[in-house]
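To start, the structure under review is shown below, and the notes come after it.
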Amino acid sequence: MLRIGIDLGGSKIELIALDDAGRVSLRRRRPTPQGDYRGTLEAIGELLAAAESELGERGRVGIGMPGAESTLDGRIKNANSTCLIGEALREDLQLLLQREIRLANDANCFALSEAIDGAGRDAEVVFGVILGTGVGGGIVVRQQVLNGANRIAGEWGHNPLPLPGEESLPPPRCYCGRFGCIETWLSGPALCADHLRHGGEAMTAEMICAGAHAGDPACEATLARYERRLAKSLAQVINILDPQVIVLGGGLSNVERLYEKVPALWAAHVFSDVIGTRLLRNVHGDSSGVRGAAWLWNER
């Protein structure tokens, strides 16, 4: 069975084709039409038509996208690509592509990819974490995505940061309308804002991490605060979900010291004498989301 995955991102649309062994037969991408819903549908259709023409085969299509489908009417909610909100994306794509499609949140696709043939391939429960422009999460149980009653399973980024310490200052406002969401402390832009708030220079996340590695005291203090917040937040997830593996994705997953320091810090907040949960870096990098979209056709 030819599985085709499409990752509908804010800046690009990526397509891959996978065979049964998970080998990539073809990979293509194009820019996402900004703020243009109809243009986005057409871009997906053109990308798929070109891919199937090149492969000489019709595939089963899975699509990863920001947001979730409402349980009321199937329309998209909670998407930071706001042109999708309120649209009947599944219905419109099935009509355009003339086939059944499988649609899932992009963080769920990331988690599924890493659970099937990535860092969490041998784990019963995998929690996939995106630490990038935003903070997302997905849950996979026995290589099946857990969507939840409200289609929001894994959305840890919109819970408030637990056990505030120095964070007891007025909490930052989140795009979702709430204040003090985990996303406002743990995203890449949040790391930069925190550095500035504590008297540091305006720097990118990459510059802050490089500065900490080089021994800059201000950058080291910023990264240490980030690690404490990440540890407390993931400890909550462990206390509720108790996964065997937590896999990090997104730009900040490349910060190597997180994998040693965060588990050492979360021990103080996890309700157990022994902690078997492993914190692991992703295997498939930026390709995890689009691979997971293709693997949606591995689900029951």
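Chain labels run A, B, ... following the order of the structure tokens; each chain numbers its residues from 1, and ligands are numbered from 1 in the order shown.
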
Legend entry - Selection near Ala267 in chain A, 12 Å with only C-alpha atoms, sequence-local residues under 2 positions removed, as a list in words: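 After dropping sequence-adjacent residues, the list is Arg228, Ala231, Lys232, Ser233, Leu234, Ala235, Gln236, Ile238, Asn239, Glu260, Lys261, Val262, Pro263, Ala264, Leu265, His269, Val270, Phe271, Ser272, Asp273, Val274, Ile275, Gly276, Thr277 and Arg278 of chain A.
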
I'd like the neighbourhood of Ser113 in chain A as a PDB file with C-alpha atoms, in the first residue's frame, where a residue qualifies if any of its atoms comes within 7 Å (using only C-alpha atoms), though same-chain residues fewer than 2 positions away should be ignored.
ATOM      1  CA  CYS A 109       1.452  13.072  13.527  1.00  0.00           C
ATOM      2  CA  PHE A 110       4.861  13.811  15.034  1.00  0.00           C
ATOM      3  CA  ALA A 111       4.119  11.523  17.989  1.00  0.00           C
ATOM      4  CA  ALA A 115       6.095   5.807  18.036  1.00  0.00           C
ATOM      5  CA  ILE A 116       6.062   3.650  14.900  1.00  0.00           C
ATOM      6  CA  ASP A 117       9.679   3.763  13.735  1.00  0.00           C
ATOM      7  CA  GLY A 118      11.394   6.505  15.709  1.00  0.00           C
ATOM      8  CA  SER A 288       8.467  13.346  11.657  1.00  0.00           C
ATOM      9  CA  GLY A 289       5.249  15.282  11.076  1.00  0.00           C
ATOM     10  CA  ARG A 291       5.893  10.752   8.077  1.00  0.00           C
ATOM     11  CA  GLY A 292       3.259  10.545  10.799  1.00  0.00           C
ATOM     12  CA  TRP A 295       1.403   6.482   8.953  1.00  0.00           C
TER      13      TRP A 295
END

All residues 10 Å or closer to Met203 in chain A, only C-alpha atoms, same chain fewer than 2 positions away omitted, as a compact mmCIF listing (two decimals) with N, CA, C and O atoms, in the first residue's frame:
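Written out: selection.txt:
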# COMPACT_ATOMS: atom_id res chain seq x y z
N PRO A 189 10.03 31.66 20.95
CA PRO A 189 9.86 33.08 21.23
C PRO A 189 9.76 33.39 22.72
O PRO A 189 10.22 34.44 23.17
N LEU A 191 11.34 31.79 25.14
CA LEU A 191 12.70 31.76 25.67
C LEU A 191 13.39 33.11 25.43
O LEU A 191 14.04 33.66 26.32
N CYS A 192 13.22 33.64 24.23
CA CYS A 192 13.83 34.95 23.89
C CYS A 192 13.24 36.06 24.75
O CYS A 192 13.97 36.93 25.26
N ALA A 193 11.91 36.04 24.93
CA ALA A 193 11.25 37.08 25.73
C ALA A 193 11.69 37.00 27.19
O ALA A 193 11.88 38.03 27.85
N HIS A 195 14.58 35.93 28.32
CA HIS A 195 15.96 36.43 28.40
C HIS A 195 15.95 37.96 28.46
O HIS A 195 16.65 38.57 29.29
N LEU A 196 15.13 38.57 27.63
CA LEU A 196 15.03 40.03 27.59
C LEU A 196 14.42 40.55 28.89
O LEU A 196 14.87 41.56 29.45
N GLY A 200 18.61 40.56 29.81
CA GLY A 200 19.54 40.16 28.76
C GLY A 200 19.32 40.96 27.48
O GLY A 200 18.38 41.76 27.37
N GLU A 201 20.17 40.73 26.50
CA GLU A 201 20.03 41.38 25.21
C GLU A 201 18.96 40.69 24.37
O GLU A 201 18.57 39.56 24.66
N ALA A 205 16.80 32.27 20.05
CA ALA A 205 16.93 31.09 20.91
C ALA A 205 18.27 30.39 20.66
O ALA A 205 18.93 29.93 21.61
N GLU A 206 18.66 30.30 19.40
CA GLU A 206 19.93 29.66 19.06
C GLU A 206 21.10 30.40 19.70
O GLU A 206 22.04 29.78 20.21
N MET A 207 21.06 31.73 19.68
CA MET A 207 22.13 32.53 20.26
C MET A 207 22.20 32.36 21.78
O MET A 207 23.28 32.28 22.36
N ILE A 208 21.02 32.28 22.41
CA ILE A 208 20.99 32.10 23.87
C ILE A 208 21.60 30.75 24.25
O ILE A 208 22.42 30.66 25.17
N CYS A 209 21.22 29.70 23.52
CA CYS A 209 21.76 28.37 23.82
C CYS A 209 23.26 28.30 23.56
O CYS A 209 24.02 27.70 24.34
N GLY A 211 25.27 30.87 23.73
CA GLY A 211 25.88 31.66 24.79
C GLY A 211 26.02 30.88 26.08
O GLY A 211 27.05 30.96 26.76
N CYS A 219 22.97 34.07 29.70
CA CYS A 219 22.39 33.02 28.86
C CYS A 219 22.23 31.73 29.65
O CYS A 219 21.22 31.02 29.52

Legend entry - Atomic distance CA of Glu114 in chain A - CA of Thr32 in chain A, expressed in Å with one decimal: 24.9 Å

Inset, instruction - Could you give me, as a PyMOL selection string, the residues within 12 Å of Arg257 in chain A, counting only C-alpha atoms and dropping anything in the same chain fewer than 2 positions from it? - result: chain A and resi 209-210+212-213+220+223-224+226-227+252-255+259-264+279-281

Inset, instruction - Return the single residue from A:Glu155, A:Glu69, A:Asp20, A:Asp106 that is closest to Ile6 in chain A, with distances computed using only C-alpha atoms. - result: A:Asp106

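Take the candidates A:Thr222, A:Asn159, A:Thr82, A:Gln244 and check each one against Arg142 in chain A using only C-alpha atoms; the shortest distance goes to A:Gln244.
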
Legend entry - Close residues, range 89-103 of chain A itself excluded, 9 Å, only C-alpha atoms, min 2 positions apart in chain, as a PyMOL selection string: chain A and resi 41-42+44-45+48-49+60-65+68-69+74-76+84+86-87+105+293-294+296-297

Inset, instruction - Pick out each residue of range 35-236 of chain A that DSSP on the backbone tags as alpha helix (DSSP H); I need them as a ChimeraX atom specification. - result: /A:37-55,89-97,106-117,183-186,188-197,205-213,217-236

Legend entry - Who sits within 10 Å of Glu52 in chain A, only C-alpha atoms, same chain under 4 positions skipped, as an MDAnalysis selection string: chainID A and resid 4 17 26 47:48 56:59

Inset, instruction - Tell me which of A:Ala51, A:Pro33, A:Gly120, A:Asn80 sits closest to Val245 in chain A, counting only C-alpha atoms. - result: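 Closest candidate: A:Gly120.
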
Could you produce a table of the residues of range 75-173 of chain A lying within 6 Å of range 177-185 of chain A, with the nearest pair of atoms per residue and their separation in Å rounded to one decimal, using only C-alpha atoms, ordered by chain and increasing residue number, as CSV?
residue,atom,partner,partner_atom,distance
A:Val135,CA,A:Glu183,CA,5.0
A:Gly157,CA,A:Ile182,CA,4.8
A:His158,CA,A:Cys181,CA,4.9
A:Asn159,CA,A:Cys181,CA,5.3
A:Pro160,CA,A:Cys181,CA,4.3
A:Leu161,CA,A:Ile182,CA,4.8
A:Pro171,CA,A:Gly180,CA,4.5
A:Pro172,CA,A:Gly180,CA,5.2
A:Arg173,CA,A:Phe179,CA,4.4

Dump of all heavy atoms for the selected residues, as a short mmCIF file (atom, residue, chain, number, x, y, z; two decimals), in the first residue's frame:
data_model
loop_
_atom_site.label_atom_id
_atom_site.label_comp_id
_atom_site.auth_asym_id
_atom_site.auth_seq_id
_atom_site.Cartn_x
_atom_site.Cartn_y
_atom_site.Cartn_z
N VAL A 135 4.05 25.43 21.37
CA VAL A 135 4.29 24.22 22.17
C VAL A 135 3.09 23.30 21.99
O VAL A 135 1.97 23.63 22.38
CB VAL A 135 4.48 24.56 23.67
CG1 VAL A 135 4.51 23.29 24.51
CG2 VAL A 135 5.77 25.36 23.87
N GLY A 157 0.30 22.37 26.20
CA GLY A 157 0.82 23.73 26.08
C GLY A 157 -0.15 24.81 26.49
O GLY A 157 0.26 25.96 26.70
N HIS A 158 -1.43 24.45 26.63
CA HIS A 158 -2.43 25.45 27.02
C HIS A 158 -2.98 25.17 28.42
O HIS A 158 -4.08 25.62 28.77
CB HIS A 158 -3.52 25.56 25.96
CG HIS A 158 -2.95 26.13 24.69
ND1 HIS A 158 -2.69 27.47 24.55
CD2 HIS A 158 -2.55 25.54 23.55
CE1 HIS A 158 -2.14 27.69 23.36
NE2 HIS A 158 -2.05 26.53 22.74
N ASN A 159 -2.19 24.47 29.23
CA ASN A 159 -2.38 24.44 30.67
C ASN A 159 -1.48 25.51 31.28
O ASN A 159 -0.45 25.87 30.68
CB ASN A 159 -1.99 23.08 31.24
CG ASN A 159 -2.97 21.99 30.83
OD1 ASN A 159 -4.17 22.18 30.92
ND2 ASN A 159 -2.44 20.87 30.38
N PRO A 160 -1.82 26.02 32.45
CA PRO A 160 -0.93 27.00 33.09
C PRO A 160 0.35 26.34 33.57
O PRO A 160 0.36 25.16 33.94
CB PRO A 160 -1.76 27.53 34.27
CG PRO A 160 -2.76 26.46 34.55
CD PRO A 160 -3.06 25.79 33.23
N LEU A 161 1.43 27.10 33.57
CA LEU A 161 2.70 26.61 34.09
C LEU A 161 2.52 26.22 35.56
O LEU A 161 2.04 27.01 36.35
CB LEU A 161 3.78 27.68 33.96
CG LEU A 161 5.18 27.24 34.37
CD1 LEU A 161 5.81 26.40 33.27
CD2 LEU A 161 6.05 28.44 34.68
N PRO A 171 1.64 36.96 34.46
CA PRO A 171 1.90 35.94 33.44
C PRO A 171 1.70 36.49 32.03
O PRO A 171 0.86 37.36 31.80
CB PRO A 171 0.86 34.86 33.76
CG PRO A 171 -0.24 35.58 34.45
CD PRO A 171 0.42 36.69 35.23
N PRO A 172 2.48 35.99 31.06
CA PRO A 172 2.32 36.45 29.68
C PRO A 172 0.96 36.04 29.11
O PRO A 172 0.40 35.02 29.49
CB PRO A 172 3.45 35.74 28.94
CG PRO A 172 4.35 35.20 29.99
CD PRO A 172 3.53 34.99 31.21
N ARG A 173 0.47 36.83 28.19
CA ARG A 173 -0.79 36.51 27.52
C ARG A 173 -0.51 35.57 26.35
O ARG A 173 0.44 35.76 25.59
CB ARG A 173 -1.47 37.79 26.99
CG ARG A 173 -2.83 37.52 26.34
CD ARG A 173 -3.45 38.81 25.82
NE ARG A 173 -4.74 38.55 25.19
CZ ARG A 173 -5.90 38.55 25.81
NH1 ARG A 173 -5.94 38.82 27.10
NH2 ARG A 173 -7.02 38.31 25.16
#

Inset, instruction - Determine which residues of range 41-278 of chain A receive a DSSP assignment of strand (DSSP E or B), computed from the backbone, and state them as a PyMOL selection string. - result: chain A and resi 60-65+68-69+76-77+101-105+125-131+135-141+144-145+160+173+179+181+245-249+278

Ala149 in chain A surroundings by only C-alpha atoms, 12 Å radius, close-in-sequence under 4 positions cut, as a PDB file with N, CA, C and O atoms, in the first residue's frame:
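Once everything was written out, this is around.pdb:
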ATOM      1  N   ALA A  68      -7.492  21.255  15.329  1.00  0.00           N
ATOM      2  CA  ALA A  68      -8.257  20.018  15.498  1.00  0.00           C
ATOM      3  C   ALA A  68      -9.632  20.202  14.895  1.00  0.00           C
ATOM      4  O   ALA A  68     -10.071  21.327  14.636  1.00  0.00           O
ATOM      5  N   GLU A  69     -10.308  19.071  14.663  1.00  0.00           N
ATOM      6  CA  GLU A  69     -11.679  19.121  14.154  1.00  0.00           C
ATOM      7  C   GLU A  69     -12.656  19.202  15.330  1.00  0.00           C
ATOM      8  O   GLU A  69     -12.561  18.434  16.285  1.00  0.00           O
ATOM      9  N   SER A  70     -13.608  20.103  15.242  1.00  0.00           N
ATOM     10  CA  SER A  70     -14.621  20.221  16.277  1.00  0.00           C
ATOM     11  C   SER A  70     -15.497  18.975  16.297  1.00  0.00           C
ATOM     12  O   SER A  70     -15.862  18.435  15.245  1.00  0.00           O
ATOM     13  N   THR A  71     -15.850  18.525  17.495  1.00  0.00           N
ATOM     14  CA  THR A  71     -16.763  17.387  17.610  1.00  0.00           C
ATOM     15  C   THR A  71     -18.199  17.801  17.311  1.00  0.00           C
ATOM     16  O   THR A  71     -19.074  16.942  17.153  1.00  0.00           O
ATOM     17  N   LEU A  72     -18.469  19.100  17.225  1.00  0.00           N
ATOM     18  CA  LEU A  72     -19.817  19.575  16.909  1.00  0.00           C
ATOM     19  C   LEU A  72     -20.132  19.455  15.431  1.00  0.00           C
ATOM     20  O   LEU A  72     -21.161  18.924  15.028  1.00  0.00           O
ATOM     21  N   ALA A 153      -6.558  15.786  23.085  1.00  0.00           N
ATOM     22  CA  ALA A 153      -5.607  15.002  23.884  1.00  0.00           C
ATOM     23  C   ALA A 153      -4.180  15.434  23.562  1.00  0.00           C
ATOM     24  O   ALA A 153      -3.813  15.592  22.399  1.00  0.00           O
ATOM     25  N   GLY A 154      -3.393  15.656  24.591  1.00  0.00           N
ATOM     26  CA  GLY A 154      -2.001  16.050  24.412  1.00  0.00           C
ATOM     27  C   GLY A 154      -1.761  17.541  24.381  1.00  0.00           C
ATOM     28  O   GLY A 154      -0.609  17.986  24.321  1.00  0.00           O
TER      29      GLY A 154
END

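Take the candidates A:Gly137, A:His198, A:Ala221, A:Gly251 and check each one against Val237 in chain A using only C-alpha atoms; the shortest distance goes to A:Gly137.
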